[in-house]
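Dropping my_file_26.pdb in here (PDB, C-alpha atoms, pLDDT in the B column):
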```pdb
ATOM      1  CA  MET A   1       0.000   0.000   0.000  1.00 75.00           C
ATOM      2  CA  PRO A   2       1.543   3.345  -0.991  1.00 85.00           C
ATOM      3  CA  THR A   3       2.365   5.922   1.682  1.00 92.00           C
ATOM      4  CA  THR A   4       1.932   9.680   1.383  1.00 95.00           C
ATOM      5  CA  ASP A   5       5.739  10.088   1.412  1.00 96.00           C
ATOM      6  CA  GLU A   6       6.070   7.580  -1.411  1.00 95.00           C
ATOM      7  CA  LEU A   7       3.498   9.391  -3.548  1.00 96.00           C
ATOM      8  CA  ARG A   8       5.126  12.755  -2.842  1.00 97.00           C
ATOM      9  CA  GLU A   9       8.568  11.478  -3.831  1.00 97.00           C
ATOM     10  CA  ARG A  10       7.262   9.889  -7.008  1.00 97.00           C
ATOM     11  CA  ILE A  11       5.497  13.072  -8.103  1.00 98.00           C
ATOM     12  CA  GLU A  12       8.422  15.324  -7.223  1.00 98.00           C
ATOM     13  CA  SER A  13      10.932  13.124  -9.058  1.00 97.00           C
ATOM     14  CA  ALA A  14       8.691  12.720 -12.124  1.00 97.00           C
ATOM     15  CA  ILE A  15       7.688  16.373 -12.584  1.00 97.00           C
ATOM     16  CA  PRO A  16      10.772  18.620 -12.644  1.00 94.00           C
ATOM     17  CA  GLY A  17      10.823  21.357 -10.014  1.00 95.00           C
ATOM     18  CA  SER A  18       7.535  20.294  -8.488  1.00 97.00           C
ATOM     19  CA  ARG A  19       6.482  20.355  -4.879  1.00 97.00           C
ATOM     20  CA  ALA A  20       3.730  17.998  -3.766  1.00 98.00           C
ATOM     21  CA  GLU A  21       1.677  17.788  -0.608  1.00 97.00           C
ATOM     22  CA  ILE A  22      -0.183  14.526  -0.131  1.00 97.00           C
ATOM     23  CA  ALA A  23      -3.037  13.844   2.237  1.00 96.00           C
ATOM     24  CA  ASP A  24      -4.415  10.413   2.980  1.00 93.00           C
ATOM     25  CA  LEU A  25      -8.100  11.291   3.028  1.00 89.00           C
ATOM     26  CA  THR A  26      -9.368   8.187   4.770  1.00 87.00           C
ATOM     27  CA  GLY A  27      -6.259   6.914   6.531  1.00 86.00           C
ATOM     28  CA  GLY A  28      -6.720   3.694   4.594  1.00 85.00           C
ATOM     29  CA  GLY A  29      -3.884   4.239   2.113  1.00 85.00           C
ATOM     30  CA  ASP A  30      -6.093   4.276  -0.961  1.00 83.00           C
ATOM     31  CA  HIS A  31      -7.848   7.679  -1.111  1.00 88.00           C
ATOM     32  CA  PHE A  32      -5.312  10.449  -1.550  1.00 93.00           C
ATOM     33  CA  GLN A  33      -5.352  14.144  -2.254  1.00 95.00           C
ATOM     34  CA  ALA A  34      -2.345  15.656  -3.983  1.00 96.00           C
ATOM     35  CA  THR A  35      -1.661  19.376  -4.171  1.00 97.00           C
ATOM     36  CA  VAL A  36       1.095  19.869  -6.703  1.00 98.00           C
ATOM     37  CA  THR A  37       2.939  23.088  -7.492  1.00 97.00           C
ATOM     38  CA  ALA A  38       5.159  23.018 -10.559  1.00 97.00           C
ATOM     39  CA  PRO A  39       6.580  25.470 -13.087  1.00 97.00           C
ATOM     40  CA  ALA A  40       5.878  22.802 -15.733  1.00 95.00           C
ATOM     41  CA  PHE A  41       2.152  23.565 -15.372  1.00 96.00           C
ATOM     42  CA  GLU A  42       2.619  27.072 -16.763  1.00 95.00           C
ATOM     43  CA  GLY A  43       0.570  27.555 -19.920  1.00 95.00           C
ATOM     44  CA  LEU A  44      -1.167  24.184 -19.660  1.00 95.00           C
ATOM     45  CA  THR A  45      -4.904  23.666 -19.271  1.00 94.00           C
ATOM     46  CA  ARG A  46      -6.146  22.093 -16.050  1.00 94.00           C
ATOM     47  CA  ILE A  47      -6.780  18.862 -17.931  1.00 95.00           C
ATOM     48  CA  GLN A  48      -3.168  18.787 -19.111  1.00 95.00           C
ATOM     49  CA  GLN A  49      -1.872  19.622 -15.623  1.00 96.00           C
ATOM     50  CA  HIS A  50      -3.881  16.848 -14.000  1.00 96.00           C
ATOM     51  CA  ARG A  51      -2.849  14.378 -16.717  1.00 95.00           C
ATOM     52  CA  LEU A  52       0.811  15.038 -15.873  1.00 95.00           C
ATOM     53  CA  VAL A  53       0.087  13.994 -12.284  1.00 96.00           C
ATOM     54  CA  TYR A  54      -2.083  11.008 -13.217  1.00 94.00           C
ATOM     55  CA  ASP A  55       0.603   9.857 -15.652  1.00 94.00           C
ATOM     56  CA  VAL A  56       3.044   9.448 -12.746  1.00 96.00           C
ATOM     57  CA  PHE A  57       0.922   6.585 -11.462  1.00 94.00           C
ATOM     58  CA  GLY A  58      -0.504   5.102 -14.651  1.00 90.00           C
ATOM     59  CA  LYS A  59      -2.840   2.213 -14.047  1.00 86.00           C
ATOM     60  CA  GLU A  60      -2.373   2.377 -10.271  1.00 90.00           C
ATOM     61  CA  VAL A  61      -5.015   5.119 -10.258  1.00 88.00           C
ATOM     62  CA  GLY A  62      -8.312   3.317 -10.078  1.00 79.00           C
ATOM     63  CA  GLY A  63      -6.498   0.202  -8.963  1.00 82.00           C
ATOM     64  CA  GLN A  64      -4.208   0.184  -5.933  1.00 85.00           C
ATOM     65  CA  ILE A  65      -4.760   3.924  -5.550  1.00 88.00           C
ATOM     66  CA  HIS A  66      -8.532   3.912  -5.493  1.00 84.00           C
ATOM     67  CA  ALA A  67      -8.919   7.670  -5.677  1.00 86.00           C
ATOM     68  CA  LEU A  68      -6.452  10.461  -6.271  1.00 92.00           C
ATOM     69  CA  SER A  69      -7.877  13.934  -5.896  1.00 93.00           C
ATOM     70  CA  ILE A  70      -5.636  16.509  -7.566  1.00 95.00           C
ATOM     71  CA  ARG A  71      -5.106  20.225  -7.202  1.00 95.00           C
ATOM     72  CA  THR A  72      -2.501  21.827  -9.383  1.00 96.00           C
ATOM     73  CA  GLN A  73      -0.981  25.278  -9.341  1.00 95.00           C
ATOM     74  CA  THR A  74       1.962  27.130 -10.809  1.00 95.00           C
ATOM     75  CA  PRO A  75       4.507  28.744  -8.473  1.00 92.00           C
ATOM     76  CA  ALA A  76       3.453  32.252  -9.566  1.00 76.00           C
ATOM     77  CA  ARG A  77      -0.207  31.618  -8.836  1.00 51.00           C
ATOM     78  CA  ASN A  78       0.696  30.136  -5.488  1.00 49.00           C
ATOM     79  CA  GLN A  79       2.167  33.445  -4.312  1.00 51.00           C
ATOM     80  CA  THR A  80      -0.960  35.493  -4.920  1.00 46.00           C
TER      81      THR A  80
ATOM     82  CA  MET B   1      -0.166   8.947 -24.593  1.00 47.00           C
ATOM     83  CA  THR B   2      -0.328   5.233 -24.114  1.00 48.00           C
ATOM     84  CA  GLN B   3      -3.401   3.161 -24.579  1.00 51.00           C
ATOM     85  CA  GLU B   4      -3.296  -0.482 -23.727  1.00 51.00           C
ATOM     86  CA  HIS B   5      -6.152  -2.759 -24.442  1.00 50.00           C
ATOM     87  CA  GLN B   6      -6.430  -6.415 -23.857  1.00 51.00           C
ATOM     88  CA  ASN B   7      -8.627  -8.485 -26.102  1.00 53.00           C
ATOM     89  CA  GLN B   8      -9.305  -5.452 -28.233  1.00 52.00           C
ATOM     90  CA  PRO B   9     -11.452  -6.275 -31.253  1.00 51.00           C
ATOM     91  CA  PRO B  10     -10.369  -5.032 -34.693  1.00 53.00           C
ATOM     92  CA  ALA B  11     -10.908  -1.374 -35.556  1.00 57.00           C
ATOM     93  CA  GLY B  12     -14.532  -0.651 -36.342  1.00 60.00           C
ATOM     94  CA  GLY B  13     -15.666  -3.626 -34.337  1.00 80.00           C
ATOM     95  CA  ASN B  14     -16.010  -2.010 -30.942  1.00 92.00           C
ATOM     96  CA  PRO B  15     -19.690  -1.235 -30.391  1.00 95.00           C
ATOM     97  CA  ILE B  16     -19.243   0.034 -26.821  1.00 95.00           C
ATOM     98  CA  ARG B  17     -16.597   2.532 -27.796  1.00 96.00           C
ATOM     99  CA  GLU B  18     -18.658   3.638 -30.788  1.00 96.00           C
ATOM    100  CA  ALA B  19     -21.742   4.080 -28.598  1.00 96.00           C
ATOM    101  CA  ILE B  20     -19.747   6.167 -26.097  1.00 97.00           C
ATOM    102  CA  GLN B  21     -18.236   8.329 -28.835  1.00 97.00           C
ATOM    103  CA  GLN B  22     -21.666   8.807 -30.386  1.00 97.00           C
ATOM    104  CA  ALA B  23     -23.121   9.843 -27.025  1.00 97.00           C
ATOM    105  CA  ILE B  24     -20.295  12.378 -26.564  1.00 98.00           C
ATOM    106  CA  ASP B  25     -20.848  13.725 -30.079  1.00 97.00           C
ATOM    107  CA  GLU B  26     -24.625  13.962 -29.781  1.00 97.00           C
ATOM    108  CA  ASN B  27     -24.916  15.572 -26.348  1.00 97.00           C
ATOM    109  CA  PRO B  28     -23.538  19.116 -25.851  1.00 97.00           C
ATOM    110  CA  THR B  29     -23.080  18.379 -22.132  1.00 98.00           C
ATOM    111  CA  ILE B  30     -22.641  14.793 -20.989  1.00 98.00           C
ATOM    112  CA  LEU B  31     -21.516  13.403 -17.651  1.00 98.00           C
ATOM    113  CA  PHE B  32     -20.180   9.875 -17.242  1.00 98.00           C
ATOM    114  CA  MET B  33     -20.680   8.939 -13.615  1.00 98.00           C
ATOM    115  CA  LYS B  34     -21.144   6.133 -11.106  1.00 97.00           C
ATOM    116  CA  GLY B  35     -24.873   5.793 -10.567  1.00 97.00           C
ATOM    117  CA  THR B  36     -27.376   8.355 -11.792  1.00 97.00           C
ATOM    118  CA  PRO B  37     -27.911  12.047 -10.976  1.00 97.00           C
ATOM    119  CA  ASP B  38     -30.885  10.995  -8.835  1.00 95.00           C
ATOM    120  CA  ALA B  39     -29.050   8.122  -7.189  1.00 97.00           C
ATOM    121  CA  PRO B  40     -25.289   8.718  -7.413  1.00 97.00           C
ATOM    122  CA  ALA B  41     -23.176   5.771  -6.291  1.00 96.00           C
ATOM    123  CA  CYS B  42     -20.022   7.709  -5.419  1.00 93.00           C
ATOM    124  CA  GLY B  43     -19.339  11.004  -3.643  1.00 93.00           C
ATOM    125  CA  PHE B  44     -17.232  12.363  -6.515  1.00 94.00           C
ATOM    126  CA  SER B  45     -20.007  11.670  -9.011  1.00 97.00           C
ATOM    127  CA  ALA B  46     -22.577  13.128  -6.608  1.00 97.00           C
ATOM    128  CA  ARG B  47     -20.689  16.413  -6.233  1.00 97.00           C
ATOM    129  CA  THR B  48     -20.121  16.769  -9.970  1.00 97.00           C
ATOM    130  CA  ALA B  49     -23.755  16.064 -10.887  1.00 98.00           C
ATOM    131  CA  GLY B  50     -24.836  18.369  -8.052  1.00 97.00           C
ATOM    132  CA  ALA B  51     -22.828  21.270  -9.475  1.00 97.00           C
ATOM    133  CA  LEU B  52     -24.490  20.834 -12.878  1.00 97.00           C
ATOM    134  CA  GLN B  53     -27.924  20.617 -11.277  1.00 96.00           C
ATOM    135  CA  THR B  54     -27.314  23.719  -9.163  1.00 96.00           C
ATOM    136  CA  LEU B  55     -26.432  25.651 -12.315  1.00 96.00           C
ATOM    137  CA  GLN B  56     -29.597  24.209 -13.865  1.00 95.00           C
ATOM    138  CA  ALA B  57     -27.533  23.139 -16.829  1.00 95.00           C
ATOM    139  CA  PRO B  58     -29.216  20.522 -19.002  1.00 96.00           C
ATOM    140  CA  PHE B  59     -26.970  17.474 -19.253  1.00 97.00           C
ATOM    141  CA  ALA B  60     -27.064  13.876 -20.340  1.00 97.00           C
ATOM    142  CA  ALA B  61     -25.807  11.348 -17.820  1.00 98.00           C
ATOM    143  CA  VAL B  62     -24.343   7.899 -18.377  1.00 97.00           C
ATOM    144  CA  ASP B  63     -23.971   5.381 -15.569  1.00 97.00           C
ATOM    145  CA  VAL B  64     -20.704   3.499 -16.092  1.00 97.00           C
ATOM    146  CA  LEU B  65     -21.443   0.845 -13.482  1.00 97.00           C
ATOM    147  CA  PRO B  66     -23.742  -1.568 -15.370  1.00 96.00           C
ATOM    148  CA  ASP B  67     -20.874  -2.784 -17.574  1.00 95.00           C
ATOM    149  CA  PRO B  68     -17.166  -2.428 -16.667  1.00 94.00           C
ATOM    150  CA  ARG B  69     -16.339  -2.140 -20.370  1.00 95.00           C
ATOM    151  CA  ILE B  70     -18.010   1.290 -20.463  1.00 96.00           C
ATOM    152  CA  ARG B  71     -15.443   2.700 -18.061  1.00 95.00           C
ATOM    153  CA  GLN B  72     -12.597   0.911 -19.824  1.00 94.00           C
ATOM    154  CA  GLU B  73     -13.554   2.235 -23.259  1.00 96.00           C
ATOM    155  CA  LEU B  74     -14.356   5.722 -21.950  1.00 97.00           C
ATOM    156  CA  SER B  75     -10.898   6.032 -20.389  1.00 94.00           C
ATOM    157  CA  ALA B  76      -9.373   4.790 -23.637  1.00 94.00           C
ATOM    158  CA  ILE B  77     -11.171   7.559 -25.537  1.00 95.00           C
ATOM    159  CA  SER B  78     -10.436  10.331 -23.037  1.00 95.00           C
ATOM    160  CA  SER B  79      -7.038   9.247 -21.649  1.00 91.00           C
ATOM    161  CA  TRP B  80      -8.479  10.073 -18.234  1.00 93.00           C
ATOM    162  CA  PRO B  81      -8.309   7.394 -15.552  1.00 92.00           C
ATOM    163  CA  THR B  82     -11.095   8.309 -13.157  1.00 92.00           C
ATOM    164  CA  ILE B  83     -14.867   8.699 -13.005  1.00 95.00           C
ATOM    165  CA  PRO B  84     -16.747  11.087 -13.233  1.00 96.00           C
ATOM    166  CA  GLN B  85     -15.861  12.692 -16.556  1.00 98.00           C
ATOM    167  CA  LEU B  86     -17.646  15.757 -17.919  1.00 98.00           C
ATOM    168  CA  PHE B  87     -17.637  16.495 -21.650  1.00 98.00           C
ATOM    169  CA  VAL B  88     -18.870  19.764 -23.154  1.00 97.00           C
ATOM    170  CA  ASN B  89     -19.154  20.059 -26.934  1.00 97.00           C
ATOM    171  CA  GLY B  90     -17.167  16.880 -27.395  1.00 97.00           C
ATOM    172  CA  GLU B  91     -14.232  17.978 -25.232  1.00 95.00           C
ATOM    173  CA  LEU B  92     -13.266  16.564 -21.843  1.00 97.00           C
ATOM    174  CA  VAL B  93     -13.654  19.358 -19.293  1.00 97.00           C
ATOM    175  CA  GLY B  94     -12.481  17.319 -16.342  1.00 96.00           C
ATOM    176  CA  GLY B  95     -13.319  15.124 -13.412  1.00 96.00           C
ATOM    177  CA  CYS B  96     -14.681  16.048 -10.014  1.00 96.00           C
ATOM    178  CA  ASP B  97     -11.711  18.176  -8.888  1.00 95.00           C
ATOM    179  CA  ILE B  98     -11.617  20.331 -12.006  1.00 96.00           C
ATOM    180  CA  VAL B  99     -15.390  20.677 -12.273  1.00 97.00           C
ATOM    181  CA  MET B 100     -15.697  21.749  -8.630  1.00 96.00           C
ATOM    182  CA  GLU B 101     -12.823  24.218  -8.994  1.00 94.00           C
ATOM    183  CA  MET B 102     -14.520  25.681 -12.078  1.00 95.00           C
ATOM    184  CA  TYR B 103     -17.873  25.737 -10.298  1.00 96.00           C
ATOM    185  CA  GLU B 104     -16.443  27.720  -7.405  1.00 95.00           C
ATOM    186  CA  SER B 105     -14.662  30.194  -9.687  1.00 94.00           C
ATOM    187  CA  GLY B 106     -17.706  30.692 -11.926  1.00 95.00           C
ATOM    188  CA  GLU B 107     -15.928  29.255 -14.972  1.00 95.00           C
ATOM    189  CA  LEU B 108     -18.225  26.274 -15.136  1.00 96.00           C
ATOM    190  CA  ALA B 109     -21.301  28.411 -15.837  1.00 96.00           C
ATOM    191  CA  VAL B 110     -19.399  30.158 -18.639  1.00 95.00           C
ATOM    192  CA  THR B 111     -18.266  26.848 -20.125  1.00 95.00           C
ATOM    193  CA  LEU B 112     -21.798  25.478 -19.967  1.00 96.00           C
ATOM    194  CA  GLY B 113     -23.313  28.690 -21.312  1.00 93.00           C
ATOM    195  CA  VAL B 114     -25.691  29.133 -18.382  1.00 91.00           C
ATOM    196  CA  GLU B 115     -26.317  31.975 -15.939  1.00 84.00           C
ATOM    197  CA  ALA B 116     -24.505  31.492 -12.647  1.00 74.00           C
ATOM    198  CA  PRO B 117     -26.913  31.648  -9.700  1.00 67.00           C
ATOM    199  CA  GLN B 118     -26.465  34.444  -7.165  1.00 61.00           C
ATOM    200  CA  ASP B 119     -25.155  32.104  -4.512  1.00 56.00           C
ATOM    201  CA  ALA B 120     -22.833  30.147  -6.788  1.00 48.00           C
ATOM    202  CA  ALA B 121     -19.868  30.852  -4.539  1.00 50.00           C
ATOM    203  CA  GLY B 122     -21.092  28.376  -1.946  1.00 53.00           C
ATOM    204  CA  PRO B 123     -20.398  24.677  -1.991  1.00 55.00           C
ATOM    205  CA  ALA B 124     -22.542  22.670  -4.364  1.00 56.00           C
ATOM    206  CA  PRO B 125     -25.218  20.508  -2.848  1.00 56.00           C
ATOM    207  CA  GLU B 126     -25.067  16.807  -3.494  1.00 59.00           C
ATOM    208  CA  ALA B 127     -27.068  15.489  -6.382  1.00 59.00           C
ATOM    209  CA  GLY B 128     -30.416  13.964  -5.696  1.00 54.00           C
ATOM    210  CA  SER B 129     -33.088  16.204  -7.152  1.00 49.00           C
ATOM    211  CA  PRO B 130     -35.158  14.832 -10.010  1.00 48.00           C
ATOM    212  CA  SER B 131     -33.841  15.281 -13.514  1.00 50.00           C
ATOM    213  CA  GLN B 132     -34.026  13.639 -16.883  1.00 54.00           C
ATOM    214  CA  ALA B 133     -33.539   9.923 -17.230  1.00 60.00           C
ATOM    215  CA  PRO B 134     -29.928   8.857 -17.707  1.00 65.00           C
ATOM    216  CA  LEU B 135     -28.645   7.550 -20.995  1.00 74.00           C
ATOM    217  CA  GLY B 136     -27.926   3.869 -21.039  1.00 72.00           C
ATOM    218  CA  ILE B 137     -24.936   2.932 -23.153  1.00 68.00           C
ATOM    219  CA  GLU B 138     -25.603  -0.720 -22.457  1.00 62.00           C
ATOM    220  CA  ASN B 139     -29.142  -0.311 -23.811  1.00 53.00           C
ATOM    221  CA  ARG B 140     -27.760   0.525 -27.226  1.00 50.00           C
ATOM    222  CA  LEU B 141     -25.978  -2.752 -27.551  1.00 46.00           C
ATOM    223  CA  GLY B 142     -27.833  -5.328 -29.556  1.00 37.00           C
TER     224      GLY B 142
END
```
How does this structure look as structure tokens?
Amino acid sequence: MPTTDELRERIESAIPGSRAEIADLTGGGDHFQATVTAPAFEGLTRIQQHRLVYDVFGKEVGGQIHALSIRTQTPARNQT
Amino acid sequence: MTQEHQNQPPAGGNPIREAIQQAIDENPTILFMKGTPDAPACGFSARTAGALQTLQAPFAAVDVLPDPRIRQELSAISSWPTIPQLFVNGELVGGCDIVMEMYESGELAVTLGVEAPQDAAGPAPEAGSPSQAPLGIENRLG
């Protein structure tokens, strides 16, 4: 079962310059919320931003990771 | 983008995928969800359908639960792993997170071409009020 630290490290190593905060929504290790800040999101639509995060986990989302709720932001937007 | 399919029939021989694509093409606003707007079977689907209902936006709904192949083929079309999925004018708008973010910012009403209600800033109520009957992809299969 993945841990929040494991998910954070996988996101941060897969998306250059990103910072991720992961919450285990149920404590059961299968419903997670990820808040990801990355310069790579600049200029992308929300769909494209979320796909970058989903792509880190591939088929695990919907499988081992039952639910992954995503919030994405760019570093500039985060400062406002 | 990678799409893997096991036991995939030859091109042109995939009635479920064709039915899904046709439903997306024919309905300006269509929500693929678990359960129905009146009886959602998942909190994410409930919130998403609830946002559409609060905006009084007409939408078609498809329950993906009756046949697991619906979800499989939908995700193959959209390259999006989770349910719900909202399409407007043939384009994937997003799942629950994106739709709720757009609802709260007022973007969703603009995308749907409806008037935002005065109190749209508040959280959306869960779905449950009566609406049109859901589309049944499985009903189209001979």
Residues selected by the PyMOL selection byres ((chain B and resi 92) around 12), written as JSON, numbers by chain: {"A": [45, 46, 47, 48, 51], "B": [21, 24, 25, 28, 29, 30, 31, 32, 74, 75, 77, 78, 79, 80, 83, 84, 85, 86, 87, 88, 89, 90, 91, 93, 94, 95, 96, 98, 99, 111]}
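Between chain B and the candidates A:Pro39, A:Gly63, A:Pro16, A:Pro75, the tightest atom-to-atom separation, counting all atoms listed in the file, involves A:Gly63.
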Rows by chain and residue number, chain B within 7 Å of chain A, shortest pair, only C-alpha atoms, as a tab-separated table:
```
residue	atom	partner	partner_atom	distance
B:Pro81	CA	A:Val61	CA	6.6
B:Thr82	CA	A:Gly62	CA	6.5
B:Gly94	CA	A:Ile47	CA	6.1
B:Asp97	CA	A:Ile70	CA	6.4
```
Atom pair atom CA of B:Leu52 / atom CA of B:Pro66: separation (Å): 22.6 Å
In Å, with one decimal, what is the gap from atom CA of B:Val62 to atom CA of B:Val110? 22.8 Å
What lies within 8 Å of A:Ile11 using all atoms listed in the file, ignoring chain neighbours under 5 positions off, as number ranges by chain? A: 18, 20, 53, 56
Quick one: residues within 8 Å of A:Phe41, all atoms listed in the file, excluding same-chain residues fewer than 5 positions away - as an MDAnalysis selection string? chainID A and resid 49 72:74
Go ahead and save the residues from that selection, with C-alpha atoms, as a compact mmCIF listing (two decimals), in the coordinates of the input.
```
# COMPACT_ATOMS: atom_id res chain seq x y z
CA GLN A 49 -1.87 19.62 -15.62
CA THR A 72 -2.50 21.83 -9.38
CA GLN A 73 -0.98 25.28 -9.34
CA THR A 74 1.96 27.13 -10.81
```
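Rounded to one decimal, atom CA of B:Glu73 and atom CA of B:Arg17 lie 5.5 Å from each other.
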Near-A:Asp5 list (10 Å; all atoms listed in the file; drop same-chain fewer than 2 positions) as a list in words: Pro2, Thr3, Leu7, Arg8, Glu9, Arg10, Ile11, Ala20, Glu21, Ile22 and Ala23 of chain A
A:Asp24: which residues within 7 Å, counting all atoms listed in the file, same-chain residues fewer than 5 positions away excluded, as a list of chain:residue names? A:Thr4, A:Gly29, A:His31, A:Phe32, A:Gln33
